[in-house]
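J.: Next comes work19.cif, mmCIF, C-alpha atoms:
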data_run
#
loop_
_atom_site.label_atom_id
_atom_site.label_comp_id
_atom_site.auth_asym_id
_atom_site.auth_seq_id
_atom_site.Cartn_x
_atom_site.Cartn_y
_atom_site.Cartn_z
CA MET A 648 -26.19 7.88 -6.93
CA THR A 649 -28.22 5.26 -5.08
CA ALA A 650 -29.03 5.82 -1.41
CA VAL A 651 -28.64 2.72 0.73
CA GLU A 652 -31.46 2.76 3.26
CA PRO A 653 -31.09 0.67 6.45
CA GLY A 654 -32.66 -2.74 6.05
CA VAL A 655 -33.26 -2.40 2.31
CA GLN A 656 -31.93 -5.25 0.19
CA MET A 657 -29.91 -4.17 -2.83
CA VAL A 658 -29.85 -6.06 -6.12
CA ARG A 659 -26.78 -6.16 -8.33
CA ALA A 660 -26.99 -7.40 -11.92
CA ARG A 661 -24.00 -7.95 -14.20
CA GLY A 662 -23.82 -9.01 -17.79
CA SER A 663 -23.31 -7.69 -21.29
CA VAL A 664 -25.05 -6.64 -24.46
CA SER A 665 -23.59 -7.25 -27.93
CA VAL A 666 -24.34 -5.34 -31.15
CA TRP A 667 -22.75 -4.60 -34.49
CA CYS A 668 -23.03 -1.80 -37.02
CA VAL A 669 -21.56 -0.57 -40.30
CA VAL A 670 -20.25 3.00 -40.47
CA ASP A 671 -18.51 5.15 -43.06
CA GLY A 672 -14.78 5.52 -42.74
CA GLY A 673 -15.18 9.22 -41.98
CA THR A 674 -17.51 8.71 -39.01
CA ASP A 675 -16.19 10.54 -35.96
CA CYS A 676 -15.90 9.14 -32.43
CA ALA A 677 -19.10 10.67 -31.06
CA ALA A 678 -21.21 9.54 -34.03
CA LEU A 679 -19.87 6.00 -33.80
CA CYS A 680 -20.59 5.81 -30.07
CA ASP A 681 -24.07 7.24 -30.59
CA GLU A 682 -24.84 4.48 -33.09
CA LEU A 683 -23.32 1.64 -31.06
CA PHE A 684 -25.02 2.58 -27.81
CA ARG A 685 -28.34 3.36 -29.53
CA ARG A 686 -28.33 -0.19 -30.88
CA ALA A 687 -27.42 -1.55 -27.44
CA ALA A 688 -30.28 0.36 -25.81
CA ASP A 689 -32.70 -0.79 -28.51
CA ARG A 690 -31.74 -4.37 -27.82
CA VAL A 691 -32.37 -3.95 -24.10
CA ASN A 692 -35.74 -2.28 -24.72
CA ALA A 693 -36.74 -4.98 -27.16
CA ALA A 694 -35.83 -7.88 -24.87
CA GLY A 695 -38.92 -9.94 -24.18
CA GLN A 696 -37.41 -11.25 -20.99
CA LEU A 697 -34.26 -10.82 -18.94
CA LEU A 698 -32.35 -14.00 -18.25
CA PHE A 699 -30.40 -14.12 -14.99
CA VAL A 700 -27.82 -16.56 -13.77
CA SER A 701 -27.55 -16.68 -9.99
CA ASP A 702 -24.35 -17.22 -7.99
CA ASP A 703 -24.81 -20.99 -8.09
CA GLU A 704 -24.86 -20.77 -11.92
CA THR A 705 -28.46 -21.91 -12.29
CA SER A 706 -30.41 -19.98 -14.92
CA THR A 707 -33.77 -18.42 -14.14
CA ILE A 708 -36.16 -15.93 -15.67
CA LEU A 709 -36.36 -13.19 -13.07
CA THR A 710 -39.75 -12.75 -11.44
CA ASP A 711 -40.69 -11.21 -8.13
CA THR A 712 -41.50 -14.63 -6.67
CA ASN A 713 -38.14 -16.31 -7.21
CA LEU A 714 -35.78 -13.59 -5.99
CA HIS A 715 -35.34 -15.39 -2.70
CA THR A 716 -33.83 -18.44 -4.43
CA CYS A 717 -30.64 -16.59 -5.34
CA ARG A 718 -27.62 -16.47 -3.10
CA SER A 719 -26.45 -13.29 -1.39
CA GLN A 720 -22.98 -11.82 -1.77
CA GLN A 721 -21.21 -9.99 1.06
CA ILE A 722 -20.17 -6.49 0.12
CA PRO A 723 -16.79 -5.29 1.47
CA ALA A 724 -16.69 -2.78 4.33
CA SER A 725 -20.30 -3.22 5.40
CA ASP A 726 -22.79 -5.69 6.80
CA ARG A 727 -25.31 -5.18 4.02
CA GLN A 728 -25.88 -7.98 1.58
CA TYR A 729 -26.66 -7.86 -2.10
CA ASN A 730 -28.56 -10.34 -4.19
CA SER A 731 -26.10 -10.95 -7.01
CA PHE A 732 -27.08 -11.98 -10.52
CA LEU A 733 -25.46 -12.30 -13.89
CA LEU A 734 -27.68 -10.59 -16.43
CA CYS A 735 -27.81 -11.66 -20.05
CA ILE A 736 -29.76 -9.61 -22.57
CA ASP A 737 -29.40 -12.41 -25.11
CA THR A 738 -31.41 -15.20 -23.47
CA THR A 739 -29.68 -17.87 -25.55
CA LYS A 740 -26.29 -17.29 -23.89
CA SER A 741 -25.00 -18.50 -20.56
CA ASP A 742 -21.32 -17.52 -20.84
CA ILE A 743 -21.25 -13.78 -20.17
CA PRO A 744 -18.12 -11.73 -20.89
CA GLN A 745 -17.33 -9.26 -18.13
CA ALA A 746 -15.23 -6.77 -20.12
CA ALA A 747 -16.26 -4.37 -22.84
CA ILE A 748 -14.93 -5.45 -26.24
CA VAL A 749 -14.82 -3.48 -29.46
CA THR A 750 -13.40 -4.94 -32.65
CA GLU A 751 -13.57 -3.52 -36.14
CA GLN A 752 -12.68 -4.67 -39.63
CA ALA A 753 -12.80 -3.20 -43.10
CA LEU A 754 -16.04 -4.14 -44.87
CA HIS A 755 -15.33 -2.44 -48.19
CA PRO A 756 -13.40 0.69 -49.17
CA GLY A 757 -14.64 3.59 -47.07
CA SER A 758 -16.68 1.49 -44.59
CA ARG A 759 -16.06 -0.50 -41.43
CA ILE A 760 -18.08 -3.03 -39.46
CA TYR A 761 -17.86 -2.79 -35.68
CA HIS A 762 -18.69 -5.67 -33.33
CA PHE A 763 -19.33 -4.26 -29.88
CA THR A 764 -19.83 -5.99 -26.52
CA GLN A 765 -20.51 -3.75 -23.55
CA ALA A 766 -20.33 -4.94 -19.94
CA ILE A 767 -23.30 -4.01 -17.73
CA ASP A 768 -23.15 -3.73 -13.93
CA VAL A 769 -26.04 -2.08 -12.08
CA ILE A 770 -27.08 -1.84 -8.43
CA ILE A 771 -30.62 -0.88 -7.40
CA PRO A 772 -32.84 -1.30 -4.34
CA GLN A 773 -35.00 -4.41 -4.41
CA SER A 774 -38.60 -3.56 -5.25
CA SER A 775 -41.84 -5.12 -6.47
CA ASP A 776 -41.15 -3.97 -10.05
CA ILE A 777 -37.58 -5.23 -10.04
CA THR A 778 -37.50 -6.26 -13.71
CA GLU A 779 -38.73 -2.88 -14.93
CA SER A 780 -36.37 -1.05 -12.55
CA LEU A 781 -33.40 -3.03 -13.81
CA GLN A 782 -34.29 -2.35 -17.41
CA ARG A 783 -34.47 1.40 -16.73
CA SER A 784 -31.17 1.30 -14.83
CA ILE A 785 -29.45 -0.55 -17.68
CA ILE A 786 -30.63 2.04 -20.21
CA LEU A 787 -29.38 4.86 -17.97
CA GLN A 788 -26.04 3.13 -17.49
CA LEU A 789 -25.64 2.65 -21.23
CA GLU A 790 -26.10 6.40 -21.67
CA ASN A 791 -23.43 7.09 -19.04
CA LEU A 792 -21.11 4.53 -20.60
CA LYS A 793 -21.54 6.19 -23.98
CA ASP A 794 -20.62 9.61 -22.60
CA SER A 795 -17.55 8.19 -20.87
CA THR A 796 -16.45 6.24 -23.93
CA ILE A 797 -16.60 9.41 -26.03
CA LYS A 798 -14.76 11.43 -23.38
CA PHE A 799 -11.92 8.94 -23.01
CA SER A 800 -11.63 7.95 -26.69
CA GLN A 801 -11.36 11.17 -28.69
CA GLN A 802 -7.57 11.12 -28.84
CA GLU A 803 -7.20 7.39 -29.47
CA TYR A 804 -9.94 7.30 -32.10
CA SER A 805 -8.45 10.17 -34.06
CA GLN A 806 -5.12 8.33 -34.20
CA SER A 807 -6.13 4.69 -34.73
CA ASN A 808 -9.94 4.39 -34.85
CA ARG A 809 -9.75 2.79 -31.39
CA LEU A 810 -12.26 3.23 -28.59
CA ASN A 811 -11.35 3.10 -24.90
CA SER A 812 -14.21 0.89 -23.81
CA CYS A 813 -15.52 1.77 -20.37
CA LYS A 814 -16.85 -0.21 -17.44
CA ALA A 815 -19.06 0.67 -14.47
CA PHE A 816 -17.41 0.81 -11.03
CA HIS A 817 -19.39 1.20 -7.80
CA PHE A 818 -18.13 3.20 -4.82
CA GLU A 819 -19.60 3.64 -1.37
CA VAL A 820 -19.57 7.17 0.06
CA GLN A 821 -20.99 8.74 3.19
CA SER A 822 -23.31 11.68 2.61
CA SER A 823 -23.45 14.84 4.70
CA ASP A 824 -26.35 13.37 6.71
CA CYS A 825 -24.21 10.27 7.43
CA ARG A 826 -26.18 7.99 5.13
CA HIS A 827 -24.29 5.50 3.01
CA GLU A 828 -24.78 5.88 -0.71
CA ILE A 829 -23.59 4.00 -3.75
CA ILE A 830 -22.28 5.99 -6.69
CA THR A 831 -21.48 4.42 -10.04
CA VAL A 832 -18.67 5.83 -12.16
CA CYS A 833 -17.83 4.74 -15.70
CA TYR A 834 -14.08 4.39 -16.20
CA PRO A 835 -12.01 2.97 -19.06
CA GLU A 836 -10.72 -0.35 -17.80
CA LEU A 837 -7.28 -0.23 -19.40
CA LEU A 838 -6.10 3.37 -18.99
CA PRO A 839 -3.46 3.76 -16.25
CA GLU A 840 -4.64 5.54 -13.11
CA SER A 841 -2.02 8.22 -13.77
CA ASP A 842 -3.75 9.31 -17.00
CA GLU A 843 -4.53 13.02 -16.65
CA ARG A 844 -8.13 12.49 -17.75
CA LEU A 845 -8.73 10.00 -14.95
CA VAL A 846 -6.98 12.21 -12.38
CA GLU A 847 -9.20 15.13 -13.37
CA LEU A 848 -12.34 13.00 -13.07
CA ARG A 849 -11.37 11.64 -9.65
CA GLN A 850 -10.56 15.15 -8.44
CA SER A 851 -14.06 16.28 -9.41
CA LEU A 852 -15.58 13.29 -7.56
CA HIS A 853 -13.66 14.15 -4.38
CA GLU A 854 -15.01 17.69 -4.60
CA GLU A 855 -18.57 16.73 -5.54
CA TYR A 856 -18.97 14.23 -2.70
CA SER A 857 -16.84 16.14 -0.15
CA VAL A 858 -14.31 13.33 0.25
CA PRO A 859 -11.07 14.82 1.67
CA ALA A 860 -7.99 14.07 -0.41
CA ASP A 861 -6.21 13.09 2.82
CA ASN A 862 -8.47 10.04 2.94
CA GLY A 863 -6.52 8.55 0.06
CA PRO A 864 -7.45 7.67 -3.52
CA ALA A 865 -11.09 6.83 -2.73
CA PHE A 866 -12.24 6.70 -6.36
CA ARG A 867 -9.50 4.65 -7.94
CA ARG A 868 -10.69 1.44 -9.56
CA GLN A 869 -9.05 -0.74 -6.94
CA ASN A 870 -11.25 0.82 -4.23
CA ALA A 871 -14.49 -0.01 -6.03
CA LEU A 872 -16.94 -2.40 -4.42
CA PHE A 873 -16.66 -6.05 -5.50
CA ARG A 874 -13.16 -5.35 -6.83
CA ASP A 875 -10.21 -7.36 -5.57
CA VAL A 876 -6.59 -8.16 -6.25
CA LYS A 877 -5.88 -11.84 -6.70
CA PHE A 878 -2.74 -13.07 -4.97
CA SER A 879 -1.11 -16.40 -5.77
CA SER A 880 -1.69 -17.88 -2.33
CA GLN A 881 -1.61 -15.15 0.30
CA ILE A 882 -4.38 -14.57 2.84
CA VAL A 883 -5.75 -11.01 2.83
CA PHE A 884 -6.61 -9.45 6.20
CA ASP A 885 -9.29 -6.75 6.26
CA GLN A 886 -9.42 -6.30 10.01
CA CYS A 887 -7.15 -6.64 13.00
CA PRO A 888 -7.76 -8.84 16.04
CA GLU A 889 -8.98 -7.12 19.19
CA VAL A 890 -6.65 -6.59 22.11
CA ASN A 891 -7.22 -7.16 25.82
CA VAL A 892 -4.65 -5.24 27.84
CA GLY A 893 -6.08 -6.35 31.16
CA ALA A 894 -7.34 -4.21 34.00
CA SER A 895 -6.69 -0.51 33.65
CA VAL A 896 -8.14 2.51 35.42
CA GLY A 897 -7.14 5.02 32.76
CA GLU A 898 -7.92 5.26 29.09
CA VAL A 899 -6.43 2.70 26.72
CA VAL A 900 -4.96 4.00 23.46
CA THR A 901 -5.29 1.48 20.61
CA GLU A 902 -4.45 2.14 16.96
CA THR A 903 -4.07 -0.36 14.14
CA VAL A 904 -3.46 -0.52 10.40
CA LYS A 905 -6.43 0.78 8.42
CA GLY A 906 -7.31 -1.11 5.25
CA ARG A 907 -6.50 -4.48 3.76
CA PHE A 908 -3.13 -6.17 3.40
CA ALA A 909 -1.85 -9.59 2.37
CA TYR A 910 0.13 -11.92 4.61
CA PHE A 911 3.50 -12.72 3.03
CA HIS A 912 5.68 -15.20 4.89
CA TYR A 913 8.48 -17.75 4.46
CA MET A 914 8.33 -20.36 1.69
CA GLN A 915 5.49 -18.87 -0.37
CA ASP A 916 5.37 -18.96 -4.18
CA GLY A 917 8.08 -21.61 -4.41
CA VAL A 918 10.77 -19.39 -2.83
CA ASN A 919 12.83 -21.11 -0.12
CA ASP A 920 13.69 -18.07 1.99
CA ASP A 921 13.49 -19.73 5.40
CA GLY A 922 16.07 -18.04 7.61
CA TRP A 923 16.85 -15.04 5.42
CA GLY A 924 13.73 -13.64 3.71
CA CYS A 925 11.72 -12.17 6.59
CA ALA A 926 12.42 -8.51 5.69
CA TYR A 927 11.60 -9.28 2.04
CA ARG A 928 8.24 -10.68 3.19
CA SER A 929 7.55 -7.69 5.41
CA LEU A 930 8.24 -5.41 2.43
CA GLN A 931 5.84 -7.47 0.30
CA THR A 932 3.11 -7.12 2.95
CA ILE A 933 3.60 -3.35 3.01
CA TRP A 934 3.55 -3.23 -0.80
CA SER A 935 0.27 -5.19 -0.77
CA TRP A 936 -1.26 -2.51 1.47
CA PHE A 937 -0.51 0.19 -1.11
CA LEU A 938 -1.81 -2.07 -3.87
CA LEU A 939 -5.06 -2.96 -2.10
CA GLN A 940 -5.76 0.67 -1.16
CA GLY A 941 -5.33 1.80 -4.77
CA TYR A 942 -2.07 3.74 -4.41
CA THR A 943 -0.43 1.60 -7.08
CA GLU A 944 -1.34 -0.86 -9.81
CA LYS A 945 2.07 -2.52 -9.75
CA PRO A 946 2.04 -6.18 -8.63
CA VAL A 947 3.87 -7.05 -5.43
CA ILE A 948 7.61 -7.13 -6.06
CA THR A 949 9.52 -10.42 -5.92
CA HIS A 950 12.70 -11.25 -4.02
CA GLY A 951 14.64 -11.00 -7.27
CA GLY A 952 13.03 -7.67 -8.05
CA ILE A 953 13.99 -6.33 -4.63
CA GLN A 954 17.58 -7.43 -5.05
CA GLN A 955 17.85 -6.05 -8.58
CA THR A 956 16.43 -2.70 -7.46
CA LEU A 957 19.06 -2.37 -4.74
CA VAL A 958 21.76 -3.13 -7.31
CA ASP A 959 20.31 -0.66 -9.82
CA ILE A 960 20.32 2.22 -7.33
CA GLY A 961 23.89 1.46 -6.28
CA ASP A 962 23.13 0.21 -2.78
CA LYS A 963 24.41 -3.33 -3.49
CA ASP A 964 26.90 -4.84 -5.92
CA ALA A 965 25.88 -7.19 -8.71
CA SER A 966 26.60 -10.36 -6.70
CA PHE A 967 23.66 -9.50 -4.44
CA VAL A 968 21.16 -10.66 -7.08
CA GLY A 969 20.28 -14.32 -6.53
CA SER A 970 21.89 -14.39 -3.08
CA ARG A 971 20.34 -15.30 0.27
CA LYS A 972 21.52 -12.14 1.98
CA TRP A 973 19.35 -10.24 4.43
CA ILE A 974 17.98 -6.78 3.92
CA GLY A 975 16.95 -4.27 6.58
CA SER A 976 14.57 -1.39 7.13
CA PHE A 977 16.65 1.08 5.10
CA GLU A 978 16.69 -1.23 2.07
CA VAL A 979 12.92 -1.59 2.44
CA SER A 980 12.55 2.18 2.28
CA TYR A 981 14.78 2.41 -0.82
CA VAL A 982 12.63 -0.07 -2.73
CA LEU A 983 9.34 1.58 -1.72
CA ASP A 984 10.66 4.97 -2.78
CA GLN A 985 12.10 3.72 -6.08
CA HIS A 986 8.97 1.89 -7.26
CA LEU A 987 5.99 3.45 -5.46
CA GLY A 988 7.22 6.95 -4.62
CA VAL A 989 6.67 6.13 -0.94
CA THR A 990 8.95 7.85 1.56
CA CYS A 991 9.54 6.50 5.05
CA SER A 992 10.38 7.91 8.46
CA PHE A 993 12.44 5.97 10.98
CA ILE A 994 12.64 5.20 14.65
CA ASN A 995 16.03 3.89 15.80
CA VAL A 996 16.53 2.41 19.26
CA GLN A 997 19.53 0.70 20.85
CA SER A 998 17.41 -1.66 22.93
CA GLY A 999 14.03 -3.29 22.49
CA ASP A 1000 12.97 -1.82 25.82
CA GLN A 1001 13.23 1.67 24.28
CA ILE A 1002 10.51 1.00 21.70
CA ARG A 1003 7.90 1.69 24.36
CA THR A 1004 9.13 5.28 24.65
CA HIS A 1005 7.91 5.84 21.09
CA ALA A 1006 4.44 4.38 21.67
CA SER A 1007 2.62 7.66 21.10
CA ARG A 1008 4.48 8.29 17.83
CA ILE A 1009 3.69 4.76 16.61
CA ALA A 1010 0.02 5.22 17.53
CA ASN A 1011 -0.06 8.51 15.66
CA HIS A 1012 1.43 6.76 12.62
CA PHE A 1013 -1.42 4.26 12.52
CA ARG A 1014 -3.95 7.05 13.10
CA THR A 1015 -2.67 9.26 10.28
CA GLN A 1016 -0.65 7.11 7.85
CA ARG A 1017 -2.48 3.78 8.43
CA THR A 1018 0.29 1.66 6.96
CA PRO A 1019 2.09 -1.40 8.43
CA ILE A 1020 5.49 -0.78 10.03
CA MET A 1021 8.53 -2.91 9.20
CA VAL A 1022 10.91 -3.62 12.07
CA GLY A 1023 14.52 -4.63 11.36
CA GLY A 1024 17.84 -4.26 13.09
CA GLY A 1025 20.05 -6.75 14.82
CA VAL A 1026 17.48 -9.54 14.81
CA LEU A 1027 14.89 -11.10 12.50
CA ALA A 1028 12.39 -8.71 10.90
CA HIS A 1029 8.72 -8.36 11.86
CA THR A 1030 5.74 -6.25 10.83
CA ILE A 1031 3.87 -4.13 13.39
CA CYS A 1032 0.18 -3.72 12.55
CA GLY A 1033 -1.04 -2.10 15.75
CA ILE A 1034 -0.20 -0.74 19.19
CA SER A 1035 -2.14 -0.53 22.44
CA PHE A 1036 -1.19 0.91 25.81
CA PRO A 1037 -3.03 2.05 28.94
CA GLU A 1038 -2.23 5.65 29.72
CA ASP A 1039 -1.75 4.77 33.39
CA SER A 1040 0.81 2.02 32.72
CA ASP A 1041 4.22 1.48 31.13
CA GLU A 1042 3.08 -1.77 29.52
CA VAL A 1043 2.69 -1.63 25.74
CA TYR A 1044 1.21 -4.25 23.44
CA TYR A 1045 2.07 -4.65 19.77
CA LEU A 1046 0.08 -6.37 17.03
CA ILE A 1047 2.73 -8.44 15.25
CA LEU A 1048 2.39 -10.04 11.83
CA ASP A 1049 5.17 -12.61 11.80
CA PRO A 1050 6.79 -13.34 8.40
CA HIS A 1051 8.59 -16.41 9.81
CA TYR A 1052 5.53 -18.63 9.56
CA VAL A 1053 6.00 -21.83 7.56
CA GLY A 1054 2.85 -23.74 6.81
CA PRO A 1055 -0.42 -23.82 4.89
CA GLU A 1056 -2.55 -20.73 4.26
CA ASP A 1057 -4.90 -21.76 7.03
CA MET A 1058 -6.29 -19.16 9.43
CA LYS A 1059 -6.76 -21.62 12.29
CA ASN A 1060 -3.15 -22.74 12.08
CA ILE A 1061 -1.87 -19.16 11.75
CA LYS A 1062 -3.85 -18.12 14.84
CA LYS A 1063 -2.82 -21.24 16.77
CA LYS A 1064 0.84 -20.43 16.19
CA GLY A 1065 0.32 -16.77 17.16
CA MET A 1066 1.56 -15.48 13.83
CA PHE A 1067 -0.87 -12.52 13.83
CA SER A 1068 -1.40 -11.63 17.45
CA TRP A 1069 -0.80 -9.08 20.17
CA LYS A 1070 2.56 -9.32 21.94
CA PRO A 1071 3.69 -7.69 25.20
CA GLN A 1072 6.65 -5.37 25.54
CA SER A 1073 8.80 -8.36 26.48
CA PHE A 1074 8.54 -9.57 22.86
CA TRP A 1075 11.40 -7.22 21.99
CA LYS A 1076 14.91 -8.23 23.08
CA THR A 1077 16.57 -5.81 25.47
CA THR A 1078 19.99 -6.79 24.06
CA ALA A 1079 19.19 -5.98 20.41
CA TYR A 1080 18.89 -2.74 18.49
CA TYR A 1081 15.91 -2.06 16.21
CA ASN A 1082 15.17 0.16 13.22
CA LEU A 1083 11.49 0.85 12.60
CA CYS A 1084 10.53 1.82 9.04
CA LEU A 1085 7.28 3.85 8.93
CA PRO A 1086 5.94 4.20 5.32
CA GLN A 1087 4.19 7.50 4.63
CA ARG A 1088 1.14 7.63 2.39
CA PRO A 1089 1.75 9.72 -0.75
CA ARG A 1090 -0.85 12.37 -1.43
CA VAL A 1091 -2.56 11.11 -4.57
CA ILE A 1092 -6.07 11.29 -6.02
#
Write the structure described by the file as structure tokens, please.
T.:
Amino acid sequence: MTAVEPGVQMVRARGSVSVWCVVDGGTDCAALCDELFRRAADRVNAAGQLLFVSDDETSTILTDTNLHTCRSQQIPASDRQYNSFLLCIDTTKSDIPQAAIVTEQALHPGSRIYHFTQAIDVIIPQSSDITESLQRSIILQLENLKDSTIKFSQQEYSQSNRLNSCKAFHFEVQSSDCRHEIITVCYPELLPESDERLVELRQSLHEEYSVPADNGPAFRRQNALFRDVKFSSQIVFDQCPEVNVGASVGEVVTETVKGRFAYFHYMQDGVNDDGWGCAYRSLQTIWSWFLLQGYTEKPVITHGGIQQTLVDIGDKDASFVGSRKWIGSFEVSYVLDQHLGVTCSFINVQSGDQIRTHASRIANHFRTQRTPIMVGGGVLAHTICGISFPEDSDEVYYLILDPHYVGPEDMKNIKKKGMFSWKPQSFWKTTAYYNLCLPQRPRVI
């Protein structure tokens, strides 16, 4: 664990070290890992210099005097900045693989040659002896990576001589004295999050660092620092706009979605769904929330996938696939349950004016469940991402993410058109009925 002191610059170095070795065919998993990682550590210790490539891809030999020439990288969920480097143990290379690779081939009967490339990713406080500190941190990380590789490879190695190569992931936690600290955990990159070995490890981390399970899957790979899901074109929101409800004597209750989510709207990804796909897009936005918070590794479902799911569960007939037919809040809940194991609660009103009577329940949803709310019914669908209301007034404001937007992925244009903005109670039609779908977070580690 690395404590993050206020005002202290942190340095992150990424890169890889490559080695090879010859072992007897009967070598067990632990012995092989001992040999591979010993060679990797020897190579780090023997390096005459550490070559770094800064964010602008210019190479430099790291010295204390040229640290300031490297760009900074913003870390999610905080205002601290990290100097970010790519570290290369082999000073003749500039292209640095970012995933651990192990390949093996038969050398002669009874022996194998293993080529091994291990990704390195360390974070340390900036100091006057930065090069020496990084070298020590790399050696320590190699030791941790070795232990994790052995732990997560015993079964696979016994069956097919395969190692589950591991990678370092960084997580930010808050200590008991309210300081922020960075912990680094070595996980296998390719094992599914549902693997019992990973679940057991995450459970122990929740207990060790006193992170309540109700907070969500804090130590899943997707929640690591510097980790992100790449969408084809969608903008990802990590905060909600502030609300101004005007003059109020009493307290104002404001609750919004917690966490990141992607903005799905009409006409994205080559799908012409203008006029019929708004509920599909709202579902995709909700799905992205569960993906970005680490509840699932499944990519956001497509329109065709949504339609096929509803056919498969018997809700629609086969002609529904490929159609331009609407879906509503109940269909959204069926798809979330079928694919993500997410259940939903509902609020049903006969008039838009009645939504305000459920303001406290909606606020409690954002406070406890944190997820976006899909609104369907007798009109076009929308996504509610927040609610605000003065306790001394009947006026209620809703943060609406509008899936009906057609245009470029440009924040200025989206804001100009009011596609992610606070709306008054009058936004809802008094002559229409509405069904609100409130996704509930599953309890997972």
J.: Expand the PyMOL selection byres ((chain A and resi 897-904) around 10) into the individual residues it matches in the shown file, reporting them as a ChimeraX atom specification.
T.: /A:885-892,894-896,905-908,936,1006-1007,1009-1020,1031-1040,1043-1046
J.: Can you write just those residues out, C-alpha atoms, as a short mmCIF file (atom, residue, chain, number, x, y, z; two decimals), in the frame of the given file?
T.:
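Written file, part_7.cif:
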data_model
loop_
_atom_site.label_atom_id
_atom_site.label_comp_id
_atom_site.auth_asym_id
_atom_site.auth_seq_id
_atom_site.Cartn_x
_atom_site.Cartn_y
_atom_site.Cartn_z
CA ASP A 885 -9.29 -6.75 6.26
CA GLN A 886 -9.42 -6.30 10.01
CA CYS A 887 -7.15 -6.64 13.00
CA PRO A 888 -7.76 -8.84 16.04
CA GLU A 889 -8.98 -7.12 19.19
CA VAL A 890 -6.65 -6.59 22.11
CA ASN A 891 -7.22 -7.16 25.82
CA VAL A 892 -4.65 -5.24 27.84
CA ALA A 894 -7.34 -4.21 34.00
CA SER A 895 -6.69 -0.51 33.65
CA VAL A 896 -8.14 2.51 35.42
CA LYS A 905 -6.43 0.78 8.42
CA GLY A 906 -7.31 -1.11 5.25
CA ARG A 907 -6.50 -4.48 3.76
CA PHE A 908 -3.13 -6.17 3.40
CA TRP A 936 -1.26 -2.51 1.47
CA ALA A 1006 4.44 4.38 21.67
CA SER A 1007 2.62 7.66 21.10
CA ILE A 1009 3.69 4.76 16.61
CA ALA A 1010 0.02 5.22 17.53
CA ASN A 1011 -0.06 8.51 15.66
CA HIS A 1012 1.43 6.76 12.62
CA PHE A 1013 -1.42 4.26 12.52
CA ARG A 1014 -3.95 7.05 13.10
CA THR A 1015 -2.67 9.26 10.28
CA GLN A 1016 -0.65 7.11 7.85
CA ARG A 1017 -2.48 3.78 8.43
CA THR A 1018 0.29 1.66 6.96
CA PRO A 1019 2.09 -1.40 8.43
CA ILE A 1020 5.49 -0.78 10.03
CA ILE A 1031 3.87 -4.13 13.39
CA CYS A 1032 0.18 -3.72 12.55
CA GLY A 1033 -1.04 -2.10 15.75
CA ILE A 1034 -0.20 -0.74 19.19
CA SER A 1035 -2.14 -0.53 22.44
CA PHE A 1036 -1.19 0.91 25.81
CA PRO A 1037 -3.03 2.05 28.94
CA GLU A 1038 -2.23 5.65 29.72
CA ASP A 1039 -1.75 4.77 33.39
CA SER A 1040 0.81 2.02 32.72
CA VAL A 1043 2.69 -1.63 25.74
CA TYR A 1044 1.21 -4.25 23.44
CA TYR A 1045 2.07 -4.65 19.77
CA LEU A 1046 0.08 -6.37 17.03
#
J.: Taking the file as shown, find all residues satisfying the PyMOL selection byres ((chain A and resi 769) around 7) and write them as number ranges by chain.
T.: A: 659-661, 767-768, 770-771, 784-785
J.: How far is it from CA of Glu790 in chain A to CA of Phe684 in chain A, in Å with one decimal?
T.: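 Interatomic distance, CA of Glu790 in chain A to CA of Phe684 in chain A: 7.3 Å.
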J.: Could you check the closest approach to Tyr942 in chain A for each of A:Gln1087, A:Gln850, A:Thr1030, A:Asn811 and tell me which residue wins, using only C-alpha atoms?
T.: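 Between A:Gln1087, A:Gln850, A:Thr1030, A:Asn811, the residue approaching Tyr942 in chain A most closely is A:Gln1087.
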J.: From the options A:Gly1024, A:Thr778, A:Asp984, A:His1051, which residue's atoms come nearest to Asn692 in chain A, counting all atoms listed in the file?
T.: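 The answer is A:Thr778, which sits nearest to Asn692 in chain A.
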J.: Can you give me, as a list in words, the residues this file yields under the PyMOL selection byres ((chain A and resi 972-983) around 7)?
T.: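 That expression, the PyMOL selection byres ((chain A and resi 972-983) around 7), corresponds here to Trp923, Gly924, Ala926, Leu930, Ile953, Thr956, Ser970, Arg971, Asp984, Gln985, His986, Leu987, Gly988, Val989, Thr990, Cys991, Met1021, Val1022, Gly1023, Gly1024, Asn1082, Leu1083 and Cys1084 of chain A.
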J.: Report, in Å to a single decimal, how far apart CA of Ser758 in chain A and CA of Ala678 in chain A are.
T.: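 Taking CA of Ala678 in chain A as the start and CA of Ser758 in chain A as the end point, the length is 14.0 Å.
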J.: When distances are computed from all atoms listed in the file, which of A:Asp675, A:Asp962, A:Asp1041, A:Glu682 shows the smallest separation from His762 in chain A?
T.: A:Glu682
J.: If we count all atoms listed in the file, what is near Lys793 in chain A at a cut-off of 9 Å, once residues fewer than 3 positions away on the same chain are taken out, given as a list in words?
T.: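 The filter keeps Ala677, Cys680, Asp681, Leu683, Phe684, Gln788, Leu789, Glu790, Thr796, Ile797, Lys798 and Cys813 of chain A.
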J.: Rounded to one decimal, what separation in Å do you get between CA of Pro864 in chain A and CA of Val658 in chain A?
T.: 26.4 Å
J.: If I wrap all listed atoms of range 897-911 of chain A in a box with edges along x, y and z and add 8 Å on each side, what are its centre and edge lengths in Å to one decimal, as lines of an AutoDock Vina configuration file?
T.:
center_x = -2.2
center_y = -3.7
center_z = 17.6
size_x = 27.4
size_y = 34.0
size_z = 46.4
J.: Kindly provide, as number ranges by chain, the polymer residues lying within 10 Å of (-2.1, -7.8, 2.3), counting all atoms listed in the file and using the coordinates exactly as they appear in the file.
T.: A: 876, 878, 881-885, 906-911, 931-940, 947, 1019
